[in-house]
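Shown next: query.txt, given as compact mmCIF, C-alpha atoms.
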```
# COMPACT_ATOMS: atom_id res chain seq x y z
CA MET T 1 51.91 148.93 127.45
CA THR T 2 48.56 149.05 125.68
CA ILE T 3 47.84 149.57 122.01
CA THR T 4 44.84 151.45 120.71
CA THR T 5 42.82 149.61 118.08
CA PRO T 6 40.48 151.23 115.57
CA SER T 7 37.64 150.40 117.95
CA THR T 8 39.59 152.24 120.73
CA LEU T 9 39.66 149.11 122.90
CA PRO T 10 42.95 148.63 124.78
CA VAL T 11 45.09 145.73 123.65
CA THR T 12 47.65 144.32 126.04
CA TRP T 13 50.81 142.40 125.30
CA ALA T 14 49.04 139.27 126.48
CA ASP T 15 46.36 139.85 123.84
CA LEU T 16 49.04 139.66 121.16
CA CYS T 17 49.77 136.09 122.28
CA SER T 18 46.21 135.04 121.45
CA ALA T 19 45.41 133.72 117.98
CA ALA T 20 41.85 134.91 118.59
CA PHE T 21 43.08 138.52 118.70
CA TRP T 22 44.85 138.19 115.34
CA ARG T 23 41.84 136.50 113.75
CA SER T 24 39.63 139.35 114.92
CA LEU T 25 42.11 141.95 113.65
CA ALA T 26 42.13 140.55 110.09
CA PRO T 27 39.28 138.01 109.81
CA GLN T 28 39.80 137.60 106.07
CA LEU T 29 43.20 135.97 106.74
CA CYS T 30 44.12 132.55 108.13
CA ILE T 31 46.18 131.24 111.01
CA GLY T 32 46.75 127.55 110.50
CA GLY T 33 43.99 127.07 107.96
CA MET T 34 45.89 127.15 104.65
CA GLN T 35 47.59 124.26 102.93
CA SER T 36 51.38 124.49 102.71
CA ASP T 37 51.77 122.69 99.38
CA ALA T 38 50.05 125.09 96.97
CA GLU T 39 53.20 125.80 94.94
CA ALA T 40 53.35 126.92 91.34
CA ALA T 41 54.17 124.43 88.62
CA PRO T 42 57.85 124.45 87.63
CA ARG T 43 58.62 126.50 84.54
CA GLN T 44 59.29 124.78 81.22
CA SER T 45 62.57 126.69 81.02
CA TYR T 46 64.56 128.74 83.51
CA GLU T 47 67.14 129.72 80.90
CA ARG T 48 66.28 133.42 80.75
CA LEU T 49 65.97 133.82 84.53
CA THR T 50 69.26 131.99 85.01
CA GLN T 51 70.97 134.29 82.52
CA ARG T 52 69.64 137.36 84.31
CA MET T 53 70.72 136.05 87.71
CA SER T 54 74.16 135.25 86.35
CA LYS T 55 74.73 138.68 84.77
CA ASP T 56 72.72 141.08 86.95
CA GLY T 57 72.54 139.17 90.25
CA TYR T 58 68.75 139.54 90.29
CA PHE T 59 65.59 139.21 88.23
CA GLY T 60 61.90 140.04 88.48
CA ASP T 61 58.96 137.85 87.54
CA SER T 62 55.29 137.38 88.45
CA ASP T 63 52.83 134.77 89.72
CA GLU T 64 49.04 134.97 89.41
CA GLU T 65 48.28 133.37 92.77
CA ILE T 66 50.64 135.76 94.57
CA GLY T 67 48.74 138.54 92.82
CA GLN T 68 45.63 137.42 94.70
CA LEU T 69 47.33 136.82 98.04
CA ALA T 70 49.56 139.91 98.23
CA PRO T 71 46.73 142.49 98.62
CA LEU T 72 45.33 140.41 101.50
CA VAL T 73 48.70 140.55 103.24
CA GLY T 74 48.78 144.28 102.50
CA GLU T 75 45.48 144.68 104.33
CA ALA T 76 46.99 142.88 107.34
CA VAL T 77 49.94 145.29 107.22
CA LYS T 78 47.54 148.24 107.28
CA ARG T 79 45.69 146.84 110.28
CA CYS T 80 48.90 146.16 112.18
CA VAL T 81 50.09 149.71 111.57
CA ALA T 82 46.67 151.06 112.57
CA VAL T 83 47.00 149.52 116.04
CA GLY T 84 50.57 150.76 116.48
CA LEU T 85 52.42 147.56 115.58
CA PRO T 86 55.26 147.18 113.06
CA ALA T 87 54.23 145.78 109.69
CA VAL T 88 56.31 142.64 110.33
CA PHE T 89 53.47 141.31 112.51
CA ALA T 90 51.61 140.49 109.29
CA TRP T 91 53.79 137.35 109.25
CA ILE T 92 51.52 135.99 112.00
CA TYR T 93 49.12 134.98 109.21
CA ASP T 94 49.36 132.08 106.76
CA GLU T 95 49.19 134.20 103.62
CA PRO T 96 52.77 135.56 103.66
CA TRP T 97 54.08 132.00 104.00
CA ALA T 98 51.72 130.86 101.22
CA CYS T 99 53.11 133.49 98.84
CA TYR T 100 56.60 132.07 99.23
CA ALA T 101 55.39 128.48 99.06
CA ARG T 102 54.21 129.30 95.55
CA LEU T 103 57.81 129.94 94.54
CA ARG T 104 59.41 126.75 95.87
CA PRO T 105 60.21 125.51 92.32
CA VAL T 106 62.04 128.78 91.61
CA PHE T 107 64.08 128.61 94.81
CA ALA T 108 64.83 124.94 94.18
CA HIS T 109 66.16 125.74 90.71
CA PHE T 110 68.73 128.18 92.07
CA LEU T 111 69.47 126.66 95.49
CA GLY T 112 68.70 122.96 95.08
CA ALA T 113 65.66 120.95 96.13
CA GLY T 114 66.79 120.87 99.76
CA PHE T 115 66.89 124.67 100.13
CA LYS T 116 65.97 126.15 103.52
CA PRO T 117 64.04 129.32 104.39
CA LEU T 118 65.97 131.45 106.84
CA PRO T 119 64.57 133.05 110.02
CA ALA T 120 65.16 136.38 108.27
CA PHE T 121 62.11 138.24 107.00
CA TRP T 122 60.46 141.63 107.23
CA ALA T 123 57.45 143.64 106.08
CA TRP T 124 57.32 147.36 105.28
CA HIS T 125 54.75 150.13 105.35
CA VAL T 126 56.62 153.12 103.95
CA ASP T 127 54.40 156.17 104.34
CA PRO T 128 55.12 159.19 102.09
CA LYS T 129 52.94 161.41 104.29
CA LYS T 130 55.43 160.84 107.11
CA GLY T 131 58.47 161.33 104.87
CA GLU T 132 59.51 157.71 105.41
CA THR T 133 62.01 155.84 103.23
CA GLY T 134 62.89 152.26 102.61
CA TRP T 135 66.02 150.73 104.10
CA LYS T 136 69.29 152.42 103.17
CA PRO T 137 71.69 150.93 100.56
CA HIS T 138 73.06 147.61 101.77
CA ARG T 139 74.01 144.06 100.88
CA ASP T 140 72.10 141.33 102.70
CA ASN T 141 75.05 138.98 103.16
CA ARG T 142 78.27 140.03 101.57
CA TYR T 143 80.92 137.46 102.39
CA ASN T 144 79.45 133.96 102.68
CA SER T 145 76.58 133.98 100.21
CA LEU T 146 78.40 132.89 97.03
CA ALA T 147 79.97 129.57 96.04
CA ALA T 148 83.48 129.44 94.61
CA ASP T 149 82.04 129.53 91.08
CA GLY T 150 80.00 132.66 91.87
CA SER T 151 76.64 130.92 92.07
CA PRO T 152 74.41 131.97 94.98
CA LEU T 153 74.36 130.08 98.25
CA SER T 154 71.61 132.36 99.54
CA LEU T 155 68.90 134.54 98.02
CA THR T 156 66.42 137.21 99.07
CA CYS T 157 62.90 137.32 97.64
CA TRP T 158 61.01 140.64 97.85
CA ILE T 159 57.27 140.78 97.17
CA PRO T 160 55.27 144.03 96.81
CA LEU T 161 51.96 144.15 98.66
CA SER T 162 50.91 147.39 96.96
CA ASP T 163 52.01 149.21 93.84
CA ALA T 164 55.63 150.33 94.29
CA ASN T 165 57.03 153.16 92.21
CA PRO T 166 59.78 155.80 92.46
CA LEU T 167 57.46 158.17 94.34
CA ASN T 168 56.62 155.76 97.16
CA SER T 169 59.98 153.98 97.58
CA CYS T 170 60.22 151.19 95.04
CA MET T 171 63.31 149.01 95.12
CA TYR T 172 66.58 150.16 93.57
CA ILE T 173 69.24 147.62 92.61
CA VAL T 174 72.74 147.91 91.18
CA PRO T 175 73.28 145.04 88.73
CA LYS T 176 76.32 143.09 89.78
CA HIS T 177 78.13 143.54 86.44
CA MET T 178 77.88 147.33 86.95
CA ASP T 179 78.83 147.31 90.63
CA PRO T 180 82.56 147.83 91.35
CA GLY T 181 82.03 146.83 94.97
CA TYR T 182 80.24 143.55 94.29
CA SER T 183 83.29 141.32 94.72
CA THR T 184 85.28 143.48 97.13
CA PRO T 185 87.30 141.19 99.45
CA ALA T 186 86.49 141.08 103.15
CA GLY T 187 88.20 143.85 105.10
CA THR T 188 88.70 146.01 102.01
CA PRO T 189 86.83 149.32 101.63
CA GLU T 190 84.26 149.28 98.84
CA PRO T 191 84.65 151.69 95.94
CA PRO T 192 81.81 154.19 95.50
CA THR T 193 78.71 152.90 93.75
CA PRO T 194 78.12 154.79 90.51
CA VAL T 195 74.75 156.54 90.68
CA PHE T 196 73.99 155.93 87.01
CA ALA T 197 74.17 152.16 87.58
CA ALA T 198 71.15 152.01 89.91
CA ARG T 199 67.93 150.63 88.43
CA ALA T 200 64.54 151.62 89.78
CA LEU T 201 62.27 148.58 89.83
CA PRO T 202 58.57 149.54 89.90
CA ALA T 203 56.43 146.56 90.83
CA LYS T 204 52.84 145.61 91.64
CA PRO T 205 51.12 142.84 93.63
CA GLY T 206 51.78 139.57 91.83
CA ASP T 207 55.36 140.54 90.99
CA TYR T 208 58.41 139.39 92.90
CA LEU T 209 62.12 140.21 92.86
CA LEU T 210 64.82 137.65 93.58
CA TRP T 211 68.45 138.68 94.16
CA ASP T 212 71.67 137.15 95.38
CA GLN T 213 72.73 138.50 98.72
CA CYS T 214 75.83 140.33 97.50
CA VAL T 215 73.72 142.68 95.37
CA MET T 216 73.55 146.33 96.48
CA HIS T 217 69.94 147.45 96.88
CA TRP T 218 67.72 149.86 98.80
CA GLY T 219 64.27 151.37 99.09
CA GLY T 220 64.20 154.87 97.68
CA PRO T 221 63.02 158.06 99.39
CA THR T 222 59.34 158.91 99.17
CA SER T 223 57.74 161.98 97.61
CA GLU T 224 54.93 164.08 98.99
CA PHE T 225 53.24 163.52 95.63
CA ALA T 226 53.01 159.73 96.11
CA GLY T 227 49.46 158.45 96.11
CA HIS T 228 49.79 155.79 98.83
CA PRO T 229 52.29 153.98 101.07
CA ARG T 230 54.55 151.30 99.69
CA MET T 231 53.93 147.95 101.37
CA SER T 232 56.10 144.90 100.79
CA MET T 233 57.70 141.88 102.43
CA ALA T 234 60.87 139.83 102.01
CA LEU T 235 62.15 136.41 103.06
CA GLU T 236 65.65 134.93 102.73
CA PHE T 237 66.74 131.43 101.69
CA GLN T 238 69.91 129.36 101.54
CA ARG T 239 71.14 126.10 100.09
CA GLY T 240 70.36 123.12 102.30
CA ASP T 241 73.67 121.33 101.69
CA VAL T 242 75.92 123.98 103.27
CA ARG T 243 76.33 125.14 106.84
CA PRO T 244 73.69 127.60 108.07
CA ILE T 245 74.75 131.14 107.23
CA MET T 246 72.93 132.51 110.28
CA GLN T 247 73.73 131.75 113.89
CA PRO T 248 71.06 130.25 116.18
CA PHE T 249 69.23 133.05 117.96
CA GLN T 250 69.70 133.02 121.73
CA ARG T 251 66.39 133.77 123.46
CA GLY T 252 67.78 134.12 126.93
CA GLU T 253 69.31 132.20 129.80
CA HIS T 254 67.95 128.67 130.32
CA LEU T 255 65.98 128.81 127.05
CA PRO T 256 66.85 126.81 123.92
CA ALA T 257 68.14 128.78 120.94
CA MET T 258 65.85 129.32 117.97
CA PRO T 259 66.99 127.47 114.82
CA ALA T 260 69.35 128.95 112.25
CA VAL T 261 67.19 127.65 109.37
CA LEU T 262 63.50 126.83 108.91
CA GLU T 263 61.78 123.99 107.08
CA GLN T 264 60.06 124.32 103.71
CA ARG T 265 56.88 122.76 105.12
CA PRO T 266 54.75 122.88 107.11
CA TYR T 267 54.38 126.56 107.91
CA PRO T 268 55.66 127.56 111.37
CA SER T 269 53.10 127.20 114.15
CA PHE T 270 51.44 130.24 115.70
CA ASP T 271 53.72 130.29 118.75
CA VAL T 272 56.84 129.95 116.59
CA ARG T 273 55.63 132.80 114.34
CA LEU T 274 55.32 135.11 117.33
CA GLN T 275 58.84 134.25 118.43
CA LEU T 276 60.16 134.68 114.89
CA VAL T 277 58.54 138.11 114.61
CA ALA T 278 60.17 139.09 117.89
CA ARG T 279 63.52 137.87 116.55
CA GLN T 280 63.14 140.04 113.43
CA ILE T 281 62.40 143.13 115.52
CA LEU T 282 65.62 142.61 117.46
CA GLN T 283 67.94 141.49 114.67
CA TYR T 284 66.97 144.27 112.23
CA GLN T 285 67.01 147.13 114.73
CA HIS T 286 70.13 148.55 113.04
CA MET T 287 68.04 149.14 109.90
CA TYR T 288 65.07 150.98 111.36
CA GLY T 289 65.84 152.05 114.95
CA LEU T 290 64.29 150.43 117.98
CA SER T 291 62.27 152.10 120.71
CA GLN T 292 62.58 150.74 124.23
CA ASN T 293 58.88 149.79 124.23
CA LEU T 294 59.30 147.75 121.09
CA ALA T 295 62.44 146.08 122.42
CA ASP T 296 60.60 145.17 125.61
CA LEU T 297 57.66 143.81 123.62
CA ALA T 298 59.97 141.65 121.49
CA ALA T 299 61.67 140.26 124.61
CA TYR T 300 58.26 139.49 126.09
CA LEU T 301 57.06 137.64 122.97
CA LEU T 302 60.15 135.41 122.95
CA THR T 303 59.03 133.70 126.15
CA ALA T 304 55.32 134.44 126.59
CA PRO T 305 52.83 131.55 126.44
CA THR T 306 50.39 131.57 123.53
CA ARG T 307 46.75 130.52 123.45
CA ASP T 308 43.83 129.86 121.08
CA ALA T 309 46.16 128.67 118.31
```
Whole structure, structure tokens version:
Amino acid sequence: MTITTPSTLPVTWADLCSAAFWRSLAPQLCIGGMQSDAEAAPRQSYERLTQRMSKDGYFGDSDEEIGQLAPLVGEAVKRCVAVGLPAVFAWIYDEPWACYARLRPVFAHFLGAGFKPLPAFWAWHVDPKKGETGWKPHRDNRYNSLAADGSPLSLTCWIPLSDANPLNSCMYIVPKHMDPGYSTPAGTPEPPTPVFAARALPAKPGDYLLWDQCVMHWGGPTSEFAGHPRMSMALEFQRGDVRPIMQPFQRGEHLPAMPAVLEQRPYPSFDVRLQLVARQILQYQHMYGLSQNLADLAAYLLTAPTRDA
């Protein structure tokens, strides 16, 4: 398989294993050059955010540094899409990881200081001109993401990389206190979600949404009247003092499994990022569909040697 770049030069799968290729694709971004400790100062009070999480199961907030980083990640998404790659390959760069590093104090407040990032992330380029939509209504982790007292054991953080609005597939969320299916027991059919309960959540670069993983959410349909694609990314987290909620990912016979949790710092190395991206392509195929070429590429990246890191 080859991929056509804007310069029309063929790119092979082996090229994707070279850090030099990624640096040339988006030279304004870093691979291994950013510090992993540039987090935001803890808030004076989390009272309001805690109240919103407790009642609604989610909240939205903003961070100035993320507002500067998110458009850079959005440019990487555009360049990945331009060469025929899924937007998730933008996670090759430092900047997505740096956005989430900014929010460590927020995650620590809700999940404890020892929280762990999960090997569960994605990036989207939802193009209205192609009639694309965000992911269908779903819950990220319905049955083992809440403690006995209802507090979250795991969270998802969604960050827009472009303006997101109802015309280009902004996020929709059903607040948990308005969701009759929120606490449905395992093995029991969920009652219908009332349409009037859904909240559209327009957002811009610098904003972020944080929700517990039982919350029903989705990306809306796009409109032909939307001005531009919706780009965004998300990463999941869990408490560090409970068993991993994800299973180790088996890469193949005679190869060690990839971990069920990641570390807060440092950022994953270049070779681990490639393998993690491949894992995302395979584990989220039920959400977006998976071509045979893309499946083969993901399998290749799980074992291929990297260079120039």
- Atomic distance CA of Tyr267 in chain T - CA of Ser62 in chain T, expressed in Å with one decimal: 22.3 Å
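Nearest residue to Lys136 in chain T, choosing from T:His286, T:Arg43, T:Arg265, T:Arg239 and counting only C-alpha atoms: T:His286.
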- In Å, with one decimal, what is the gap from CA of Pro105 in chain T to CA of Met53 in chain T? 15.6 Å
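Considering the residues T:Lys129, T:Arg139, T:Arg243, T:His177 and counting only C-alpha atoms, Glu224 in chain T has its shortest atom-to-atom contact with T:Lys129.
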- Item | Atomic distance CA of Pro189 in chain T - CA of Ile173 in chain T, expressed in Å with one decimal | 19.8 Å
- Counting all atoms listed in the file, figure out which residue out of T:Ala82, T:Ala101, T:Ala147, T:Ala164 gets nearest to Asp212 in chain T.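 Residue with the minimum atom-to-atom distance to Asp212 in chain T: T:Ala147.
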